[in-house]
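Okay, model.pdb is below, PDB, C-alpha atoms:
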ATOM      1  CA  MET A  11      17.661 154.736  89.863
ATOM      2  CA  THR A  12      20.526 152.464  90.840
ATOM      3  CA  SER A  13      23.455 152.331  93.210
ATOM      4  CA  SER A  14      26.613 152.912  91.218
ATOM      5  CA  LEU A  15      29.693 152.912  93.467
ATOM      6  CA  SER A  16      32.616 150.574  92.724
ATOM      7  CA  LEU A  17      34.677 150.360  95.882
ATOM      8  CA  THR A  18      36.751 148.287  98.239
ATOM      9  CA  ASN A  19      36.324 148.587 102.003
ATOM     10  CA  SER A  20      39.651 150.389 102.461
ATOM     11  CA  VAL A  21      38.451 153.571 100.759
ATOM     12  CA  TYR A  22      35.885 153.961 103.562
ATOM     13  CA  GLU A  23      38.629 154.064 106.199
ATOM     14  CA  TYR A  24      38.934 157.811 106.708
ATOM     15  CA  PRO A  25      41.919 159.098 108.715
ATOM     16  CA  GLN A  26      40.972 161.613 111.406
ATOM     17  CA  GLU A  27      42.903 164.770 112.298
ATOM     18  CA  HIS A  28      41.829 167.562 114.627
ATOM     19  CA  GLY A  29      38.208 166.438 114.550
ATOM     20  CA  ARG A  30      37.970 166.254 110.730
ATOM     21  CA  THR A  31      38.112 163.210 108.431
ATOM     22  CA  TYR A  32      40.054 162.887 105.169
ATOM     23  CA  HIS A  33      40.139 160.534 102.196
ATOM     24  CA  GLY A  34      41.556 157.035 102.725
ATOM     25  CA  TYR A  35      42.544 156.268  99.131
ATOM     26  CA  ARG A  36      45.954 157.843  98.464
ATOM     27  CA  ALA A  37      45.738 159.270 101.991
ATOM     28  CA  GLY A  38      47.403 162.630 102.506
ATOM     29  CA  SER A  39      47.581 163.680  98.860
ATOM     30  CA  TYR A  40      44.552 165.982  99.187
ATOM     31  CA  HIS A  41      44.560 168.354 102.153
ATOM     32  CA  PHE A  42      40.859 169.094 102.504
ATOM     33  CA  PRO A  43      38.296 167.067 104.521
ATOM     34  CA  ASN A  44      35.493 164.768 103.370
ATOM     35  CA  ASP A  45      33.223 164.746 106.437
ATOM     36  CA  PRO A  46      29.541 165.797 106.501
ATOM     37  CA  THR A  47      30.420 169.434 107.201
ATOM     38  CA  GLU A  48      32.492 169.495 104.016
ATOM     39  CA  THR A  49      30.055 167.509 101.879
ATOM     40  CA  ASP A  50      27.278 169.952 102.826
ATOM     41  CA  ARG A  51      29.595 172.803 101.827
ATOM     42  CA  LEU A  52      30.392 171.111  98.514
ATOM     43  CA  ASP A  53      26.691 170.688  97.756
ATOM     44  CA  PHE A  54      26.161 174.383  98.482
ATOM     45  CA  GLN A  55      29.194 175.295  96.368
ATOM     46  CA  PHE A  56      27.518 173.533  93.447
ATOM     47  CA  GLU A  57      24.418 175.709  93.957
ATOM     48  CA  ILE A  58      26.573 178.846  94.203
ATOM     49  CA  LEU A  59      28.290 178.188  90.895
ATOM     50  CA  LYS A  60      25.018 177.295  89.216
ATOM     51  CA  TYR A  61      23.578 180.607  90.411
ATOM     52  CA  CYS A  62      26.755 182.392  89.320
ATOM     53  CA  PHE A  63      26.453 180.805  85.857
ATOM     54  CA  LYS A  64      22.712 181.622  85.738
ATOM     55  CA  GLY A  65      21.643 177.992  85.605
ATOM     56  CA  GLN A  66      24.290 176.603  83.278
ATOM     57  CA  ASN A  67      26.300 173.509  84.154
ATOM     58  CA  TYR A  68      28.593 173.818  81.133
ATOM     59  CA  PHE A  69      29.550 176.268  78.388
ATOM     60  CA  ALA A  70      31.127 174.027  75.746
ATOM     61  CA  PRO A  71      28.851 173.534  72.705
ATOM     62  CA  LEU A  72      27.876 169.935  73.406
ATOM     63  CA  SER A  73      25.840 167.941  70.898
ATOM     64  CA  GLU A  74      24.504 164.586  72.104
ATOM     65  CA  PRO A  75      27.660 163.446  73.939
ATOM     66  CA  LYS A  76      27.817 159.697  74.540
ATOM     67  CA  PHE A  77      30.692 159.499  77.054
ATOM     68  CA  ILE A  78      31.257 162.186  79.711
ATOM     69  CA  LEU A  79      33.933 162.247  82.425
ATOM     70  CA  ASP A  80      33.879 164.436  85.551
ATOM     71  CA  ILE A  81      37.273 164.573  87.306
ATOM     72  CA  GLY A  82      37.189 165.326  91.035
ATOM     73  CA  THR A  83      33.412 165.092  91.239
ATOM     74  CA  GLY A  84      33.104 165.715  95.000
ATOM     75  CA  THR A  85      29.528 164.956  95.994
ATOM     76  CA  GLY A  86      28.630 164.234  92.383
ATOM     77  CA  GLN A  87      25.861 166.804  91.910
ATOM     78  CA  TRP A  88      27.210 168.032  88.574
ATOM     79  CA  ALA A  89      27.492 164.484  87.218
ATOM     80  CA  ILE A  90      23.966 163.637  88.352
ATOM     81  CA  GLU A  91      22.463 166.672  86.626
ATOM     82  CA  MET A  92      24.417 165.888  83.459
ATOM     83  CA  GLY A  93      23.080 162.339  83.570
ATOM     84  CA  ASP A  94      19.547 163.718  83.745
ATOM     85  CA  GLU A  95      20.149 166.194  80.926
ATOM     86  CA  PHE A  96      21.796 163.611  78.652
ATOM     87  CA  PRO A  97      19.984 160.315  79.383
ATOM     88  CA  ASP A  98      21.617 158.592  76.408
ATOM     89  CA  ALA A  99      25.130 159.444  77.621
ATOM     90  CA  LYS A 100      27.261 157.422  80.020
ATOM     91  CA  VAL A 101      28.506 159.792  82.710
ATOM     92  CA  GLU A 102      31.543 158.633  84.678
ATOM     93  CA  ALA A 103      32.805 160.634  87.652
ATOM     94  CA  THR A 104      35.908 160.130  89.794
ATOM     95  CA  ASP A 105      37.042 161.263  93.223
ATOM     96  CA  LEU A 106      39.396 160.165  96.002
ATOM     97  CA  SER A 107      36.456 159.866  98.416
ATOM     98  CA  PRO A 108      33.231 157.833  98.054
ATOM     99  CA  ILE A 109      31.013 160.684  99.262
ATOM    100  CA  GLN A 110      28.498 160.574  96.409
ATOM    101  CA  PRO A 111      24.862 159.494  96.809
ATOM    102  CA  ARG A 112      24.028 155.836  96.240
ATOM    103  CA  SER A 113      20.818 156.411  94.321
ATOM    104  CA  VAL A 114      21.653 158.076  91.033
ATOM    105  CA  PRO A 115      20.446 157.965  87.420
ATOM    106  CA  GLU A 116      21.303 154.609  85.889
ATOM    107  CA  ASN A 117      23.630 156.250  83.362
ATOM    108  CA  VAL A 118      25.809 157.852  86.086
ATOM    109  CA  HIS A 119      28.724 155.884  87.542
ATOM    110  CA  PHE A 120      31.082 156.953  90.339
ATOM    111  CA  PHE A 121      34.606 155.592  90.808
ATOM    112  CA  VAL A 122      37.249 156.097  93.455
ATOM    113  CA  ASP A 123      40.237 157.036  91.324
ATOM    114  CA  ASP A 124      43.149 159.437  91.062
ATOM    115  CA  ALA A 125      43.335 161.340  87.772
ATOM    116  CA  SER A 126      47.042 161.958  88.312
ATOM    117  CA  GLU A 127      47.737 158.275  87.603
ATOM    118  CA  ASP A 128      49.548 157.570  84.347
ATOM    119  CA  ASP A 129      46.870 155.224  83.037
ATOM    120  CA  TRP A 130      43.124 155.822  83.180
ATOM    121  CA  VAL A 131      42.511 152.200  81.994
ATOM    122  CA  LEU A 132      40.654 153.356  78.917
ATOM    123  CA  PRO A 133      41.308 153.349  75.196
ATOM    124  CA  ALA A 134      42.490 156.579  73.614
ATOM    125  CA  HIS A 135      39.830 158.824  72.052
ATOM    126  CA  HIS A 136      37.120 157.556  74.426
ATOM    127  CA  TYR A 137      35.265 160.607  75.778
ATOM    128  CA  ASP A 138      33.150 163.255  74.054
ATOM    129  CA  TYR A 139      33.437 165.671  76.983
ATOM    130  CA  ILE A 140      35.710 165.924  80.041
ATOM    131  CA  HIS A 141      34.908 168.346  82.869
ATOM    132  CA  THR A 142      36.793 169.664  85.893
ATOM    133  CA  ARG A 143      35.596 172.082  88.550
ATOM    134  CA  VAL A 144      37.338 173.753  91.524
ATOM    135  CA  LEU A 145      40.417 171.513  91.573
ATOM    136  CA  LEU A 146      42.857 174.113  92.894
ATOM    137  CA  GLY A 147      45.301 172.445  95.270
ATOM    138  CA  CYS A 148      44.498 168.950  93.990
ATOM    139  CA  PHE A 149      47.363 168.224  91.569
ATOM    140  CA  THR A 150      51.080 168.834  91.344
ATOM    141  CA  ASP A 151      50.713 169.969  87.738
ATOM    142  CA  PHE A 152      47.274 170.544  86.247
ATOM    143  CA  ARG A 153      48.857 170.639  82.799
ATOM    144  CA  ASP A 154      49.442 166.906  83.166
ATOM    145  CA  ILE A 155      45.697 166.412  83.685
ATOM    146  CA  LEU A 156      45.044 168.433  80.533
ATOM    147  CA  ARG A 157      47.477 166.317  78.532
ATOM    148  CA  LYS A 158      45.839 163.099  79.723
ATOM    149  CA  ALA A 159      42.383 164.480  78.997
ATOM    150  CA  PHE A 160      43.499 165.422  75.481
ATOM    151  CA  TYR A 161      44.706 161.858  74.949
ATOM    152  CA  TYR A 162      41.427 160.304  76.109
ATOM    153  CA  LEU A 163      39.124 162.712  74.263
ATOM    154  CA  LYS A 164      37.700 161.804  70.889
ATOM    155  CA  PRO A 165      38.787 164.070  68.026
ATOM    156  CA  GLY A 166      36.244 166.892  68.049
ATOM    157  CA  GLY A 167      35.527 166.330  71.747
ATOM    158  CA  TYR A 168      35.554 169.107  74.334
ATOM    159  CA  MET A 169      37.198 169.711  77.680
ATOM    160  CA  GLU A 170      36.040 172.350  80.130
ATOM    161  CA  SER A 171      37.448 173.634  83.435
ATOM    162  CA  GLN A 172      35.590 175.855  85.895
ATOM    163  CA  GLU A 173      38.126 177.141  88.387
ATOM    164  CA  ILE A 174      38.154 179.663  91.227
ATOM    165  CA  LEU A 175      41.077 182.059  91.629
ATOM    166  CA  PRO A 176      41.193 182.307  95.446
ATOM    167  CA  THR A 177      43.206 185.523  95.692
ATOM    168  CA  GLY A 178      41.168 188.562  96.664
ATOM    169  CA  SER A 179      40.337 191.056  93.903
ATOM    170  CA  CYS A 180      38.941 194.561  94.359
ATOM    171  CA  ASP A 181      38.054 197.320  91.887
ATOM    172  CA  ASP A 182      37.495 200.328  94.151
ATOM    173  CA  GLY A 183      40.423 200.491  96.570
ATOM    174  CA  THR A 184      38.467 199.262  99.617
ATOM    175  CA  MET A 185      40.698 196.210 100.210
ATOM    176  CA  PRO A 186      43.410 197.267 102.703
ATOM    177  CA  ALA A 187      46.857 195.699 102.710
ATOM    178  CA  ASP A 188      46.299 194.420 106.273
ATOM    179  CA  TRP A 189      42.948 192.764 105.514
ATOM    180  CA  PRO A 190      43.102 189.388 107.359
ATOM    181  CA  PHE A 191      41.922 187.415 104.333
ATOM    182  CA  LEU A 192      45.006 188.529 102.387
ATOM    183  CA  ASP A 193      47.258 187.268 105.170
ATOM    184  CA  TRP A 194      45.379 183.951 105.244
ATOM    185  CA  MET A 195      45.750 183.648 101.471
ATOM    186  CA  LYS A 196      49.502 184.305 101.749
ATOM    187  CA  HIS A 197      49.923 181.465 104.256
ATOM    188  CA  SER A 198      47.612 179.152 102.290
ATOM    189  CA  ASN A 199      49.570 179.738  99.115
ATOM    190  CA  GLU A 200      52.835 179.153 100.978
ATOM    191  CA  ALA A 201      51.539 175.792 102.233
ATOM    192  CA  ALA A 202      50.246 174.845  98.794
ATOM    193  CA  MET A 203      53.533 175.624  97.065
ATOM    194  CA  GLU A 204      55.551 173.812  99.722
ATOM    195  CA  SER A 205      53.361 170.733  99.275
ATOM    196  CA  GLY A 206      53.698 170.996  95.494
ATOM    197  CA  ARG A 207      49.951 171.417  94.865
ATOM    198  CA  PRO A 208      49.387 175.016  93.747
ATOM    199  CA  LEU A 209      46.169 176.907  94.358
ATOM    200  CA  ILE A 210      46.624 179.745  91.888
ATOM    201  CA  ILE A 211      45.998 178.164  88.502
ATOM    202  CA  ALA A 212      42.697 179.530  87.193
ATOM    203  CA  HIS A 213      44.097 182.460  85.205
ATOM    204  CA  LYS A 214      46.611 180.157  83.472
ATOM    205  CA  LEU A 215      44.108 177.651  82.123
ATOM    206  CA  LYS A 216      43.464 179.231  78.724
ATOM    207  CA  ARG A 217      47.189 179.334  77.941
ATOM    208  CA  TRP A 218      47.647 175.778  79.165
ATOM    209  CA  TYR A 219      44.738 174.514  77.055
ATOM    210  CA  GLU A 220      46.258 176.063  73.954
ATOM    211  CA  ALA A 221      49.732 174.691  74.740
ATOM    212  CA  VAL A 222      48.366 171.156  75.048
ATOM    213  CA  GLY A 223      46.760 171.380  71.594
ATOM    214  CA  PHE A 224      43.147 172.374  72.151
ATOM    215  CA  VAL A 225      41.670 174.721  69.555
ATOM    216  CA  ASP A 226      38.799 177.203  69.634
ATOM    217  CA  VAL A 227      39.709 177.815  73.282
ATOM    218  CA  GLN A 228      37.272 180.170  75.003
ATOM    219  CA  GLU A 229      37.391 181.882  78.396
ATOM    220  CA  LYS A 230      34.709 183.490  80.534
ATOM    221  CA  VAL A 231      35.425 185.223  83.851
ATOM    222  CA  PHE A 232      32.799 185.657  86.580
ATOM    223  CA  LYS A 233      32.825 187.477  89.921
ATOM    224  CA  LEU A 234      32.096 185.841  93.279
ATOM    225  CA  PRO A 235      31.728 188.575  95.946
ATOM    226  CA  LEU A 236      33.045 187.434  99.323
ATOM    227  CA  ASN A 237      30.026 188.883 101.103
ATOM    228  CA  PRO A 238      26.837 190.798 100.161
ATOM    229  CA  TRP A 239      28.551 194.152  99.567
ATOM    230  CA  PRO A 240      27.365 194.655  95.935
ATOM    231  CA  LYS A 241      24.288 196.745  95.139
ATOM    232  CA  ASP A 242      23.405 194.567  92.147
ATOM    233  CA  LYS A 243      20.710 192.097  93.268
ATOM    234  CA  HIS A 244      22.228 189.048  91.586
ATOM    235  CA  LEU A 245      25.728 189.765  92.918
ATOM    236  CA  LYS A 246      24.394 190.588  96.401
ATOM    237  CA  THR A 247      22.597 187.236  96.612
ATOM    238  CA  LEU A 248      25.692 185.529  95.266
ATOM    239  CA  GLY A 249      27.753 187.287  97.943
ATOM    240  CA  GLU A 250      25.402 186.082 100.686
ATOM    241  CA  MET A 251      25.761 182.522  99.453
ATOM    242  CA  TYR A 252      29.512 182.725  98.968
ATOM    243  CA  GLU A 253      30.136 184.295 102.391
ATOM    244  CA  HIS A 254      28.301 181.382 104.003
ATOM    245  CA  ASN A 255      30.365 178.938 101.965
ATOM    246  CA  TRP A 256      33.637 180.569 102.993
ATOM    247  CA  LEU A 257      32.720 180.714 106.675
ATOM    248  CA  SER A 258      31.557 177.094 106.759
ATOM    249  CA  GLY A 259      34.617 175.883 104.861
ATOM    250  CA  LEU A 260      37.406 178.033 106.264
ATOM    251  CA  GLN A 261      38.447 175.705 109.072
ATOM    252  CA  GLY A 262      38.522 172.750 106.679
ATOM    253  CA  PHE A 263      40.531 174.717 104.120
ATOM    254  CA  THR A 264      43.045 175.668 106.810
ATOM    255  CA  MET A 265      43.509 172.860 109.318
ATOM    256  CA  ALA A 266      45.483 170.273 107.337
ATOM    257  CA  PRO A 267      47.656 172.635 105.248
ATOM    258  CA  PHE A 268      48.593 174.819 108.221
ATOM    259  CA  SER A 269      49.193 171.894 110.621
ATOM    260  CA  ARG A 270      50.776 169.373 108.240
ATOM    261  CA  ILE A 271      52.925 171.779 106.259
ATOM    262  CA  LEU A 272      53.336 175.006 108.248
ATOM    263  CA  ASN A 273      53.484 173.185 111.625
ATOM    264  CA  TRP A 274      50.847 175.319 113.350
ATOM    265  CA  ASN A 275      48.936 173.638 116.181
ATOM    266  CA  LYS A 276      45.151 173.431 116.332
ATOM    267  CA  ASN A 277      44.773 176.183 118.925
ATOM    268  CA  GLU A 278      46.964 178.574 116.946
ATOM    269  CA  ILE A 279      44.852 177.936 113.862
ATOM    270  CA  GLU A 280      41.515 178.427 115.619
ATOM    271  CA  VAL A 281      42.632 181.708 117.223
ATOM    272  CA  TYR A 282      44.054 182.954 113.912
ATOM    273  CA  LEU A 283      40.830 182.200 112.017
ATOM    274  CA  VAL A 284      38.716 184.453 114.262
ATOM    275  CA  ASN A 285      39.985 187.591 112.521
ATOM    276  CA  VAL A 286      39.963 185.938 109.100
ATOM    277  CA  ARG A 287      36.244 185.239 109.490
ATOM    278  CA  LYS A 288      35.630 188.821 110.567
ATOM    279  CA  GLY A 289      37.571 189.997 107.527
ATOM    280  CA  ILE A 290      35.538 187.888 105.123
ATOM    281  CA  SER A 291      32.310 189.375 106.529
ATOM    282  CA  ASP A 292      33.508 192.992 106.510
ATOM    283  CA  ARG A 293      31.059 194.774 104.176
ATOM    284  CA  ARG A 294      33.433 197.735 103.892
ATOM    285  CA  VAL A 295      35.831 195.578 101.841
ATOM    286  CA  HIS A 296      34.456 195.156  98.318
ATOM    287  CA  ALA A 297      36.426 192.024  97.497
ATOM    288  CA  TYR A 298      35.619 189.140  95.215
ATOM    289  CA  ASN A 299      37.106 185.965  93.783
ATOM    290  CA  LYS A 300      37.242 185.397  90.057
ATOM    291  CA  VAL A 301      35.868 182.234  88.463
ATOM    292  CA  TYR A 302      37.513 181.262  85.184
ATOM    293  CA  VAL A 303      35.579 179.014  82.822
ATOM    294  CA  VAL A 304      37.741 177.697  79.989
ATOM    295  CA  TRP A 305      36.804 175.207  77.299
ATOM    296  CA  GLY A 306      38.449 173.940  74.143
ATOM    297  CA  ARG A 307      38.061 171.365  71.394
ATOM    298  CA  LYS A 308      40.394 168.562  70.444
ATOM    299  CA  PRO A 309      40.974 169.036  66.707
ATOM    300  CA  ASP A 310      39.728 166.379  64.305
ATOM    301  CA  SER A 311      43.275 165.739  63.091
ATOM    302  CA  ALA A 312      44.915 165.839  66.552
ATOM    303  CA  PRO A 313      48.046 163.771  67.205
ATOM    304  CA  GLN A 314      47.153 160.639  69.108
ATOM    305  CA  THR A 315      49.151 161.351  72.252
ATOM    306  CA  SER A 316      49.626 165.134  72.554
ATOM    307  CA  GLY A 317      53.067 164.385  73.898
ATOM    308  CA  ILE A 318      51.846 161.645  76.230
ATOM    309  CA  SER A 319      53.552 158.301  76.228
ATOM    310  CA  THR A 320      51.280 155.296  76.023
ATOM    311  CA  PRO A 321      49.890 155.015  79.586
ATOM    312  CA  GLY A 322      51.084 152.162  81.739
ATOM    313  CA  THR A 323      49.394 150.096  84.416
ATOM    314  CA  SER A 324      46.943 151.761  86.791
ATOM    315  CA  GLU A 325      45.930 150.987  90.373
ATOM    316  CA  ALA A 326      42.528 152.585  89.929
ATOM    317  CA  HIS A 327      39.442 151.038  91.503
ATOM    318  CA  LYS A 328      37.364 149.969  88.507
ATOM    319  CA  PRO A 329      33.848 148.536  88.244
ATOM    320  CA  ASN A 330      33.234 145.103  89.761
ATOM    321  CA  SER A 331      30.925 144.179  86.911
TER
END
Represent the structure contained in this file as structure tokens.
Amino acid sequence: MTSSLSLTNSVYEYPQEHGRTYHGYRAGSYHFPNDPTETDRLDFQFEILKYCFKGQNYFAPLSEPKFILDIGTGTGQWAIEMGDEFPDAKVEATDLSPIQPRSVPENVHFFVDDASEDDWVLPAHHYDYIHTRVLLGCFTDFRDILRKAFYYLKPGGYMESQEILPTGSCDDGTMPADWPFLDWMKHSNEAAMESGRPLIIAHKLKRWYEAVGFVDVQEKVFKLPLNPWPKDKHLKTLGEMYEHNWLSGLQGFTMAPFSRILNWNKNEIEVYLVNVRKGISDRRVHAYNKVYVVWGRKPDSAPQTSGISTPGTSEAHKPNS
């Protein structure tokens, strides 16, 4: 086990707003916090998705990958487990915040980096597998991330995205039009669109993958109940977990977008969230979020750039050694 963080001191300087802290690198480009409350939630989110996927970390048909990239790794749990599963692979994981553990498998390496940069400071055709997970609201155009990933994948390599569609879904008519969560989602989406970082992308991924040039594109859709309303044991447990995750994360999801973009003050936000929390926990509303898992293969005879110009100079924080 080794420490594997390549950083400068400035990325540890976290701006504070309304009692929460946010990333210092490229400050303001990501509207969600990075403090201990949020890192605990992110760790639990990893467990929720693993339970949702019945123990799977990936769905692409991987065969002894040598170079793996995780974009927007958060607390790095996915990358760490992939490093354990594939000890002969080099797993690289990026995020705007250095919130990953210091003791990790020796084949796992974390970098503070922004995947939206033009140049990832790597040769083309480098990775066997590129992974993204829950990156809604992170990028101005996720298709640009897909194009870059296509460029940096080896021919025959795979990309996979596991993305939550945050809008409420319901199959039995129990979700009323005045349900507070729907109102919160309307305001959240308004803030996201005004900031140019859309939240509602999950259902578009398969089409985007195909447009970029991936082949054999597959899609799986899972349900995440917002609370333990289902009768099915697996879904009920999932709903218990997911309700906790929503309630612990709601203030962090709301504070910066509503204050920075919609110009609400902290007190207005806190009062507003009281009913949103009650709505999330209302067992009478049989609502759920959808999780879209999409993966595709870069063809063996793929064009070198997939429409991407040769990347230029990057400002990314790279390894010191």
Report, in Å with one decimal, the straight-line distance from CA of Asp310 in chain A to CA of Gly166 in chain A.
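Between CA of Asp310 in chain A and CA of Gly166 in chain A the gap works out to 5.1 Å.
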Please report as a tab-separated table every residue of range 167-258 of chain A lying within 12 Å of range 266-282 of chain A, along with the nearest atom pair and their distance in Å (one decimal), using only C-alpha atoms.
residue	atom	partner	partner_atom	distance
A:Pro190	CA	A:Tyr282	CA	9.2
A:Phe191	CA	A:Tyr282	CA	10.8
A:Asp193	CA	A:Tyr282	CA	10.3
A:Trp194	CA	A:Tyr282	CA	8.8
A:Met195	CA	A:Phe268	CA	11.5
A:Lys196	CA	A:Phe268	CA	11.5
A:His197	CA	A:Phe268	CA	7.9
A:Ser198	CA	A:Pro267	CA	7.2
A:Asn199	CA	A:Pro267	CA	9.6
A:Glu200	CA	A:Leu272	CA	8.4
A:Ala201	CA	A:Pro267	CA	5.8
A:Ala202	CA	A:Pro267	CA	7.3
A:Met203	CA	A:Ile271	CA	10.0
A:Glu204	CA	A:Ile271	CA	7.3
A:Ser205	CA	A:Ile271	CA	7.1
A:Gly206	CA	A:Ile271	CA	10.8
A:Arg207	CA	A:Pro267	CA	10.7
A:Pro208	CA	A:Pro267	CA	11.9
A:Leu209	CA	A:Pro267	CA	11.8
Can you list, as a VMD selection string, every protein, DNA or RNA residue that comes within 9 Å of range 169-185 of chain A when you count all atoms listed in the file, leaving out same-chain residues fewer than 4 positions away?
chain A and resid 68 to 70 138 to 146 156 159 to 160 163 189 191 to 192 195 to 196 209 to 213 215 219 224 234 236 294 to 308
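In terms of minimum interatomic distance to Asp292 in chain A, A:Asn237 ranks closest within A:Asn237, A:Ser73, A:Ser311, A:Thr247, counting all atoms listed in the file.
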Ground truth for the PyMOL selection byres ((chain A and resi 25) around 12), written as JSON, numbers by chain:
{"A": [20, 21, 22, 23, 24, 26, 27, 28, 29, 30, 31, 32, 33, 34, 35, 36, 37, 38, 41, 42, 43, 44, 45, 107, 266]}
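One finds CA of Val231 in chain A at 29.1 Å from CA of Asn285 in chain A.
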Expand the PyMOL selection byres ((chain A and resi 256) around 10) into the individual residues it matches in the shown file, reporting them as a PyMOL selection string.
chain A and resi 51+55+236-237+251-255+257-263+287+290-291
So, with all atoms listed in the file as the atoms that count, which of A:Phe152, A:Lys100, A:Asp188, A:Gln66 lies closest to Trp218 in chain A?
A:Phe152
